[in-house]
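Working notes for the structure below.
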Amino acid sequence: MCPHCKMELAELWFRELKGNMGKRCVYFCLKCRSRLGISHRKGLTMGL
Ligand SMILES: [Zn+2]
């Protein structure tokens, strides 16, 4: 569930980022395209 637009999400968009710290996945809401969180390894860290 998106904290921004309050829509229940069937799926998430995510995008892989490659940087100095390694590979990360950034998750986005399909509806409002807000960033939901960043997954560094296994867990999903919920952002703002
Ligand atoms: Zn949203």
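Ordered as shown in the structure tokens, chains take letters A, B, and onward, while each chain numbers its residues from 1 and ligands are numbered from 1 in the order shown.
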Find the residues near ligand 1. Use a cut-off of 9 Å, count only C-alpha atoms and all ligand atoms, and write them as a PyMOL selection string.
chain A and resi 1-9+28-36
Distance of CA of Lys23 in chain A from CA of Ala10 in chain A, expressed in Å to one decimal place:
24.3 Å
